[in-house]
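**Student:** Please read through the structure below; I'll follow up with questions.
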There are 2 protein chains.
Amino acid sequence: MFVVEGNKIIRELQDSDYHIQEIYTTDPELLQTSDFEVIGINDRELRKISFLQHPKDSLAVCQIPEMQHDKESDFQLILDGIQDPGNLGTIIRLADWFGIEKIICSEDTADLYNPKVIQASMGSFLRVQVVYTQLEEFMKNSANTNIGTDMEGENIYDFEFPDRINLILGNEGNGMRDATVAALDQKITVPRFGNLKSTESLNVSVAGAIILGQIFGNRKKKPS
Amino acid sequence: MFVVEGNKIIRELQDSDYHIQEIYTTDPELLQTSDFEVIGINDRELRKISFLQHPKDSLAVCQIPEMQHDKESDFQLILDGIQDPGNLGTIIRLADWFGIEKIICSEDTADLYNPKVIQASMGSFLRVQVVYTQLEEFMKNSANTNIGTDMEGENIYDFEFPDRINLILGNEGNGMRDATVAALDQKITVPRFGNLKSTESLNVSVAGAIILGQIFGNRKKKPS
């Protein structure tokens with residue numbers, strides 16, 4: 001089971017294939033309109049069961065669906081050891097924005113059904129499929145070009161991205177594992193424009209956003 | 001006064017113009033190399049004074065410098081009511097990456113010296129000047145073109161950005177205030193590529209990253 005909080009996401013859940021077990025709510029309006037088992041509670045009770053610092057109006061308990069191994073998509077994100085639940089949620093939301101249907105995670109990546117991931121994804125987990133698997137195996141068997149960031153890679157603002165891509169994003173502190181780097185077909189770099197002496201890196205979801213904007217923005221410009 | 005935690009950022013602080021009042025540390029190496037007043041403490045004491053869930057090795061207490069009103073930069077970020085300290089920190093780090101020297105904040109934007117902002121900025125607050133002021137006044141008096149996001153704006157992947165820009169980013173939930181929108185010279189849109197029926201928006205730092213990548217990446221491509 002996993003937990004989803006807030007009427008907005010819960011309404012989207014009701015329209016999805018997810019199976020809701022029960023909903024606890026302080027909001028009579030949701031009580032009236034819902035087709036699911038709904039239990040009225042007060043604010044004090046909600047504060048006790050909520051995972052949020054500032055609880056919303058409702059909390060739904062849902063079944064974790066069986067992990068599906070569908071066919072590949074033309075564009076997939078691959079996450080190698082992303083640890084922070086907020087980062088994973090933000091990346092799912094980012095994938096949803098760009099219409100990416102599938103995220104493949106290493107087995108040690110943060111759990112999709114961690115309440116912090118679900119909340120940070122803002123409902124985007126309903127539209128983006130997230131699967132966990134052995135990455136090197138997956139990358140080797142994929143028909144897509146495996147592209148990851150590296151200090152010595154091609155500048156993303158010059159590089160001609162191919163049509164079918166697996167974009168790999170690595171761990172917040174350590175980047176990709178050596179075995180993942182070895183399975184790359186192409187290395188790219190997000191160039192820094194200022195303060196060249198700084199050793200700071202970009203947040204992983206922010207780096208992903210810059211790369212995706214570059215890939216999809218340039219595709220749009222191509223004559224169709 | 002404000003607090004900075006972790007040897008890595010504190011070492012950068014020591015090389016900056018910031019005035020450190022005192023350093024509390026569990027790390028003898030830092031004790032030996034530092035020129036500042038340094039107080040040795042144990043892990044238990046550090047846990048008591050730290051603002052972090054997982055305290056690092058050291059904590060520095062610094063003086064908040066006088067806010068400076070320098071001359072304008074060619075490229076400035078303007079933040080209208082960013083509330084989340086993590087978002088503000090991530091935006092400062094993003095500005096540092098692109099060499100943006102100045103961020104102008106509305107007076108109700110999160111406080112730079114909030115420990116969560118300082119930590120999320122990862123030391124980038126040392127290189128990016130953050131000032132708080134009345135935005136409409138500032139925007140009207142600025143020589144830069146005031147550009148902000150809007151559902152009805154120009155597509156960022158087609159738009160020719162001018163040379164001197166103030167890029168305005170709005171509040172996480174409500175966007176820019178009406179008075180800020182009224183002071184814009186140009187509206188732009190970050191187009192969505194998938195799931196057009198979704199009502200989800202992008203995280204503000206992620207949206208900022210996509211726009212900055214587009215502006216600076218295209219500048220790089222221009223013949224110089």
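Following the order of the structure tokens, chains are lettered A, B, ..., residues in each are numbered from 1, and ligands are numbered from 1.
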Would you mind listing what lies within 9 Å of range 9-25 of chain B as a PyMOL selection string, with only C-alpha atoms counted and same-chain residues fewer than 2 positions away left out?
**Tutor:** chain B and resi 1+4-7+27-28+30-31+34-43+46+57-65+119+122-123+126-127
**Student:** Those selected residues, please, written with N, CA, C and O atoms and delivered as a tab-separated table (two decimals), in the first residue's frame.
**Tutor:**
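Done, and the output landed in out10.tsv:
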chain	number	residue	atom	x	y	z
B	1	MET	N	23.48	38.03	12.55
B	1	MET	CA	24.32	36.87	12.36
B	1	MET	C	23.57	35.79	11.56
B	1	MET	O	22.35	35.73	11.59
B	4	VAL	N	26.35	28.94	8.83
B	4	VAL	CA	26.76	28.15	7.67
B	4	VAL	C	27.32	26.83	8.19
B	4	VAL	O	28.11	26.85	9.15
B	5	GLU	N	26.95	25.70	7.59
B	5	GLU	CA	27.41	24.41	8.10
B	5	GLU	C	28.17	23.61	7.05
B	5	GLU	O	27.81	23.60	5.88
B	6	GLY	N	29.20	22.92	7.50
B	6	GLY	CA	29.96	22.04	6.62
B	6	GLY	C	31.31	22.65	6.25
B	6	GLY	O	31.40	23.79	5.84
B	7	ASN	N	32.37	21.84	6.38
B	7	ASN	CA	33.73	22.34	6.13
B	7	ASN	C	33.91	22.90	4.73
B	7	ASN	O	34.61	23.89	4.53
B	27	ASP	N	36.20	18.76	13.86
B	27	ASP	CA	37.23	18.31	12.92
B	27	ASP	C	38.57	18.98	13.25
B	27	ASP	O	38.76	20.16	12.97
B	28	PRO	N	39.51	18.24	13.82
B	28	PRO	CA	40.78	18.83	14.23
B	28	PRO	C	41.55	19.46	13.06
B	28	PRO	O	42.24	20.45	13.23
B	30	LEU	N	40.43	21.13	10.51
B	30	LEU	CA	39.98	22.51	10.32
B	30	LEU	C	40.52	23.39	11.44
B	30	LEU	O	40.94	24.52	11.22
B	31	LEU	N	40.53	22.86	12.66
B	31	LEU	CA	41.05	23.60	13.81
B	31	LEU	C	42.47	24.08	13.55
B	31	LEU	O	42.81	25.22	13.85
B	34	SER	N	42.73	26.87	10.39
B	34	SER	CA	41.92	28.07	10.31
B	34	SER	C	42.58	29.28	10.98
B	34	SER	O	43.28	29.16	11.97
B	35	ASP	N	42.32	30.47	10.42
B	35	ASP	CA	42.81	31.72	11.01
B	35	ASP	C	41.77	32.36	11.93
B	35	ASP	O	42.03	33.41	12.51
B	36	PHE	N	40.59	31.76	12.02
B	36	PHE	CA	39.49	32.38	12.76
B	36	PHE	C	39.38	31.78	14.15
B	36	PHE	O	40.01	30.78	14.47
B	37	GLU	N	38.51	32.40	14.97
B	37	GLU	CA	38.25	31.85	16.28
B	37	GLU	C	37.52	30.53	16.13
B	37	GLU	O	36.44	30.47	15.54
B	38	VAL	N	38.14	29.48	16.64
B	38	VAL	CA	37.61	28.14	16.41
B	38	VAL	C	37.43	27.43	17.75
B	38	VAL	O	38.33	27.44	18.58
B	39	ILE	N	36.23	26.83	17.95
B	39	ILE	CA	35.92	26.18	19.22
B	39	ILE	C	35.66	24.70	18.97
B	39	ILE	O	34.77	24.35	18.18
B	40	GLY	N	36.47	23.83	19.59
B	40	GLY	CA	36.29	22.39	19.42
B	40	GLY	C	35.07	21.90	20.21
B	40	GLY	O	34.88	22.28	21.36
B	41	ILE	N	34.21	21.11	19.58
B	41	ILE	CA	33.05	20.53	20.25
B	41	ILE	C	32.95	19.06	19.86
B	41	ILE	O	33.60	18.61	18.91
B	42	ASN	N	32.11	18.31	20.60
B	42	ASN	CA	31.91	16.91	20.22
B	42	ASN	C	30.62	16.74	19.40
B	42	ASN	O	29.86	17.69	19.21
B	43	ASP	N	30.40	15.52	18.91
B	43	ASP	CA	29.26	15.26	18.02
B	43	ASP	C	27.93	15.60	18.69
B	43	ASP	O	27.01	16.11	18.04
B	46	LEU	N	27.41	19.26	18.63
B	46	LEU	CA	27.11	19.71	17.27
B	46	LEU	C	25.65	19.43	16.91
B	46	LEU	O	24.97	20.27	16.32
B	57	ASP	N	30.32	18.42	9.89
B	57	ASP	CA	31.46	18.44	10.80
B	57	ASP	C	31.61	19.76	11.56
B	57	ASP	O	32.11	19.78	12.68
B	58	SER	N	31.15	20.87	10.97
B	58	SER	CA	31.40	22.19	11.55
B	58	SER	C	30.23	23.14	11.32
B	58	SER	O	29.42	22.94	10.41
B	59	LEU	N	30.19	24.18	12.16
B	59	LEU	CA	29.16	25.21	12.04
B	59	LEU	C	29.82	26.57	12.27
B	59	LEU	O	30.52	26.76	13.27
B	60	ALA	N	29.63	27.49	11.32
B	60	ALA	CA	30.22	28.82	11.45
B	60	ALA	C	29.12	29.86	11.70
B	60	ALA	O	28.04	29.78	11.10
B	61	VAL	N	29.39	30.80	12.59
B	61	VAL	CA	28.49	31.93	12.83
B	61	VAL	C	29.11	33.15	12.15
B	61	VAL	O	30.27	33.49	12.43
B	62	CYS	N	28.36	33.77	11.23
B	62	CYS	CA	28.90	34.87	10.42
B	62	CYS	C	28.07	36.13	10.57
B	62	CYS	O	26.88	36.06	10.89
B	63	GLN	N	28.69	37.26	10.27
B	63	GLN	CA	27.95	38.52	10.27
B	63	GLN	C	27.20	38.70	8.96
B	63	GLN	O	27.75	38.44	7.88
B	64	ILE	N	25.94	39.13	9.04
B	64	ILE	CA	25.19	39.49	7.84
B	64	ILE	C	25.73	40.81	7.32
B	64	ILE	O	25.74	41.81	8.05
B	65	PRO	N	26.23	40.84	6.09
B	65	PRO	CA	26.82	42.10	5.58
B	65	PRO	C	25.74	43.13	5.27
B	65	PRO	O	24.57	42.78	5.09
B	119	GLN	N	22.18	26.50	3.03
B	119	GLN	CA	22.65	25.14	2.75
B	119	GLN	C	22.27	24.70	1.34
B	119	GLN	O	23.08	24.10	0.64
B	122	MET	N	24.55	25.78	-1.45
B	122	MET	CA	25.83	25.07	-1.54
B	122	MET	C	27.03	26.01	-1.71
B	122	MET	O	27.97	25.70	-2.43
B	123	GLY	N	27.00	27.15	-1.07
B	123	GLY	CA	28.14	28.08	-1.17
B	123	GLY	C	27.99	29.10	-2.29
B	123	GLY	O	28.78	30.04	-2.37
B	126	LEU	N	27.95	32.96	-1.88
B	126	LEU	CA	29.19	33.73	-1.77
B	126	LEU	C	29.53	34.46	-3.07
B	126	LEU	O	30.30	35.41	-3.06
B	127	ARG	N	28.96	33.99	-4.17
B	127	ARG	CA	29.31	34.57	-5.48
B	127	ARG	C	28.16	35.32	-6.14
B	127	ARG	O	28.37	36.03	-7.12
**Student:** Quick one: residues within 9 Å of Ile188 in chain A, only C-alpha atoms, excluding same-chain residues fewer than 4 positions away - as an NGL selection string?
**Tutor:** :A and (147-156 or 159)
**Student:** Please write the residues from the selection above to a file, keeping N, CA and C atoms, as an mmCIF file, in the first residue's frame.
**Tutor:**
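Contents of again.cif, as written:
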data_model
loop_
_atom_site.group_PDB
_atom_site.id
_atom_site.type_symbol
_atom_site.label_atom_id
_atom_site.label_comp_id
_atom_site.auth_asym_id
_atom_site.auth_seq_id
_atom_site.Cartn_x
_atom_site.Cartn_y
_atom_site.Cartn_z
ATOM 1 N N ILE A 147 22.915 8.009 -23.320
ATOM 2 C CA ILE A 147 23.641 9.282 -23.226
ATOM 3 C C ILE A 147 23.691 9.739 -21.772
ATOM 4 N N GLY A 148 24.893 10.035 -21.268
ATOM 5 C CA GLY A 148 25.040 10.493 -19.888
ATOM 6 C C GLY A 148 25.991 11.661 -19.793
ATOM 7 N N THR A 149 25.905 12.415 -18.685
ATOM 8 C CA THR A 149 26.752 13.593 -18.538
ATOM 9 C C THR A 149 28.130 13.225 -17.987
ATOM 10 N N ASP A 150 29.122 13.961 -18.452
ATOM 11 C CA ASP A 150 30.509 13.719 -18.062
ATOM 12 C C ASP A 150 31.279 15.018 -18.295
ATOM 13 N N MET A 151 32.267 15.280 -17.447
ATOM 14 C CA MET A 151 33.060 16.512 -17.586
ATOM 15 C C MET A 151 33.667 16.646 -18.988
ATOM 16 N N GLU A 152 33.975 15.514 -19.607
ATOM 17 C CA GLU A 152 34.683 15.520 -20.891
ATOM 18 C C GLU A 152 33.755 15.270 -22.069
ATOM 19 N N GLY A 153 32.432 15.420 -21.877
ATOM 20 C CA GLY A 153 31.489 15.084 -22.949
ATOM 21 C C GLY A 153 31.313 16.193 -23.974
ATOM 22 N N GLU A 154 30.480 15.927 -24.991
ATOM 23 C CA GLU A 154 30.148 16.938 -25.998
ATOM 24 C C GLU A 154 29.269 18.024 -25.371
ATOM 25 N N ASN A 155 29.513 19.263 -25.750
ATOM 26 C CA ASN A 155 28.715 20.397 -25.289
ATOM 27 C C ASN A 155 27.252 20.219 -25.732
ATOM 28 N N ILE A 156 26.311 20.244 -24.784
ATOM 29 C CA ILE A 156 24.896 19.996 -25.159
ATOM 30 C C ILE A 156 24.352 21.043 -26.121
ATOM 31 N N PHE A 159 25.748 19.660 -29.614
ATOM 32 C CA PHE A 159 25.572 18.243 -29.942
ATOM 33 C C PHE A 159 24.260 18.004 -30.690
#
**Student:** Kindly provide, as a PyMOL selection string, the residues of chain A having any atom no farther than 8 Å from an atom of chain B, counting only C-alpha atoms.
**Tutor:** chain A and resi 90+93-94+96-100+122-124+127+157-158+192-195+200-203+205-207+209-210+212-214+216-218+220-221
**Student:** Record the distance separating CA of Lys48 in chain B and CA of Lys8 in chain B, expressed in Å with one decimal.
**Tutor:**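 These atoms are spaced 20.6 Å apart.
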**Student:** Identify, with DSSP run on backbone atoms, the residues in chain A assigned to alpha helix (DSSP H), and express the list as a ChimeraX atom specification.
**Tutor:** /A:7-14,28-33,43-49,85-97,115-120,135-141,178-182,204-221
**Student:** Please determine, counting only C-alpha atoms, which residue among A:Val3, A:Val204, A:Ile215, A:Val117 has the shortest atom-to-atom distance to Ser50 in chain A.
**Tutor:**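 Closest candidate: A:Val3.
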**Student:** Can you list, as a list in words, all residues belonging to range 113-174 of chain A that DSSP tags as strand (DSSP E or B)?
**Tutor:** Gln129, Val130, Val131, Tyr132, Thr145, Asn146, Ile147, Gly148, Thr149, Asp150, Met151, Glu152, Gly153, Glu154, Asn155, Ile165, Asn166, Leu167, Ile168, Leu169, Gly170 and Asn171 of chain A
**Student:** Write out, as a PDB file, in the first residue's frame, the residues just selected, with N, CA, C and O atoms.
**Tutor:**
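Ended up saving to part.pdb:
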ATOM      1  N   GLN A 129       5.541   6.101 -16.063  1.00  0.00           N
ATOM      2  CA  GLN A 129       5.808   4.775 -15.516  1.00  0.00           C
ATOM      3  C   GLN A 129       7.229   4.726 -14.945  1.00  0.00           C
ATOM      4  O   GLN A 129       8.177   5.129 -15.611  1.00  0.00           O
ATOM      5  N   VAL A 130       7.361   4.273 -13.702  1.00  0.00           N
ATOM      6  CA  VAL A 130       8.686   4.192 -13.058  1.00  0.00           C
ATOM      7  C   VAL A 130       8.966   2.735 -12.739  1.00  0.00           C
ATOM      8  O   VAL A 130       8.200   2.103 -12.018  1.00  0.00           O
ATOM      9  N   VAL A 131      10.046   2.178 -13.313  1.00  0.00           N
ATOM     10  CA  VAL A 131      10.393   0.777 -13.049  1.00  0.00           C
ATOM     11  C   VAL A 131      11.817   0.691 -12.495  1.00  0.00           C
ATOM     12  O   VAL A 131      12.664   1.547 -12.772  1.00  0.00           O
ATOM     13  N   TYR A 132      12.059  -0.331 -11.693  1.00  0.00           N
ATOM     14  CA  TYR A 132      13.363  -0.550 -11.064  1.00  0.00           C
ATOM     15  C   TYR A 132      13.984  -1.813 -11.637  1.00  0.00           C
ATOM     16  O   TYR A 132      13.331  -2.855 -11.710  1.00  0.00           O
ATOM     17  N   THR A 145      20.046   5.099 -27.866  1.00  0.00           N
ATOM     18  CA  THR A 145      21.411   5.534 -27.582  1.00  0.00           C
ATOM     19  C   THR A 145      21.498   5.961 -26.114  1.00  0.00           C
ATOM     20  O   THR A 145      20.713   6.796 -25.663  1.00  0.00           O
ATOM     21  N   ASN A 146      22.430   5.370 -25.371  1.00  0.00           N
ATOM     22  CA  ASN A 146      22.598   5.678 -23.950  1.00  0.00           C
ATOM     23  C   ASN A 146      23.494   6.900 -23.790  1.00  0.00           C
ATOM     24  O   ASN A 146      24.679   6.849 -24.099  1.00  0.00           O
ATOM     25  N   ILE A 147      22.915   8.009 -23.320  1.00  0.00           N
ATOM     26  CA  ILE A 147      23.641   9.282 -23.226  1.00  0.00           C
ATOM     27  C   ILE A 147      23.691   9.739 -21.772  1.00  0.00           C
ATOM     28  O   ILE A 147      22.656   9.816 -21.110  1.00  0.00           O
ATOM     29  N   GLY A 148      24.893  10.035 -21.268  1.00  0.00           N
ATOM     30  CA  GLY A 148      25.040  10.493 -19.888  1.00  0.00           C
ATOM     31  C   GLY A 148      25.991  11.661 -19.793  1.00  0.00           C
ATOM     32  O   GLY A 148      26.779  11.919 -20.705  1.00  0.00           O
ATOM     33  N   THR A 149      25.905  12.415 -18.685  1.00  0.00           N
ATOM     34  CA  THR A 149      26.752  13.593 -18.538  1.00  0.00           C
ATOM     35  C   THR A 149      28.130  13.225 -17.987  1.00  0.00           C
ATOM     36  O   THR A 149      28.269  12.331 -17.177  1.00  0.00           O
ATOM     37  N   ASP A 150      29.122  13.961 -18.452  1.00  0.00           N
ATOM     38  CA  ASP A 150      30.509  13.719 -18.062  1.00  0.00           C
ATOM     39  C   ASP A 150      31.279  15.018 -18.295  1.00  0.00           C
ATOM     40  O   ASP A 150      30.958  15.773 -19.207  1.00  0.00           O
ATOM     41  N   MET A 151      32.267  15.280 -17.447  1.00  0.00           N
ATOM     42  CA  MET A 151      33.060  16.512 -17.586  1.00  0.00           C
ATOM     43  C   MET A 151      33.667  16.646 -18.988  1.00  0.00           C
ATOM     44  O   MET A 151      33.865  17.744 -19.486  1.00  0.00           O
ATOM     45  N   GLU A 152      33.975  15.514 -19.607  1.00  0.00           N
ATOM     46  CA  GLU A 152      34.683  15.520 -20.891  1.00  0.00           C
ATOM     47  C   GLU A 152      33.755  15.270 -22.069  1.00  0.00           C
ATOM     48  O   GLU A 152      34.194  14.903 -23.146  1.00  0.00           O
ATOM     49  N   GLY A 153      32.432  15.420 -21.877  1.00  0.00           N
ATOM     50  CA  GLY A 153      31.489  15.084 -22.949  1.00  0.00           C
ATOM     51  C   GLY A 153      31.313  16.193 -23.974  1.00  0.00           C
ATOM     52  O   GLY A 153      31.914  17.264 -23.877  1.00  0.00           O
ATOM     53  N   GLU A 154      30.480  15.927 -24.991  1.00  0.00           N
ATOM     54  CA  GLU A 154      30.148  16.938 -25.998  1.00  0.00           C
ATOM     55  C   GLU A 154      29.269  18.024 -25.371  1.00  0.00           C
ATOM     56  O   GLU A 154      28.355  17.729 -24.610  1.00  0.00           O
ATOM     57  N   ASN A 155      29.513  19.263 -25.750  1.00  0.00           N
ATOM     58  CA  ASN A 155      28.715  20.397 -25.289  1.00  0.00           C
ATOM     59  C   ASN A 155      27.252  20.219 -25.732  1.00  0.00           C
ATOM     60  O   ASN A 155      26.978  20.071 -26.919  1.00  0.00           O
ATOM     61  N   ILE A 165      16.601   8.012 -27.495  1.00  0.00           N
ATOM     62  CA  ILE A 165      17.558   8.337 -26.428  1.00  0.00           C
ATOM     63  C   ILE A 165      17.165   7.704 -25.092  1.00  0.00           C
ATOM     64  O   ILE A 165      15.993   7.724 -24.711  1.00  0.00           O
ATOM     65  N   ASN A 166      18.157   7.136 -24.396  1.00  0.00           N
ATOM     66  CA  ASN A 166      18.078   6.942 -22.944  1.00  0.00           C
ATOM     67  C   ASN A 166      18.970   8.005 -22.317  1.00  0.00           C
ATOM     68  O   ASN A 166      20.184   8.000 -22.536  1.00  0.00           O
ATOM     69  N   LEU A 167      18.391   8.935 -21.572  1.00  0.00           N
ATOM     70  CA  LEU A 167      19.191   9.962 -20.894  1.00  0.00           C
ATOM     71  C   LEU A 167      19.436   9.516 -19.460  1.00  0.00           C
ATOM     72  O   LEU A 167      18.495   9.325 -18.693  1.00  0.00           O
ATOM     73  N   ILE A 168      20.717   9.335 -19.105  1.00  0.00           N
ATOM     74  CA  ILE A 168      21.064   8.810 -17.784  1.00  0.00           C
ATOM     75  C   ILE A 168      21.468   9.948 -16.847  1.00  0.00           C
ATOM     76  O   ILE A 168      22.315  10.781 -17.190  1.00  0.00           O
ATOM     77  N   LEU A 169      20.845  10.010 -15.664  1.00  0.00           N
ATOM     78  CA  LEU A 169      21.203  10.989 -14.628  1.00  0.00           C
ATOM     79  C   LEU A 169      21.735  10.225 -13.417  1.00  0.00           C
ATOM     80  O   LEU A 169      21.136   9.239 -12.989  1.00  0.00           O
ATOM     81  N   GLY A 170      22.859  10.687 -12.852  1.00  0.00           N
ATOM     82  CA  GLY A 170      23.531   9.945 -11.778  1.00  0.00           C
ATOM     83  C   GLY A 170      23.210  10.473 -10.386  1.00  0.00           C
ATOM     84  O   GLY A 170      22.522  11.478 -10.219  1.00  0.00           O
ATOM     85  N   ASN A 171      23.738   9.790  -9.407  1.00  0.00           N
ATOM     86  CA  ASN A 171      23.582  10.127  -7.983  1.00  0.00           C
ATOM     87  C   ASN A 171      23.992  11.567  -7.686  1.00  0.00           C
ATOM     88  O   ASN A 171      24.920  12.093  -8.296  1.00  0.00           O
TER      89      ASN A 171
END
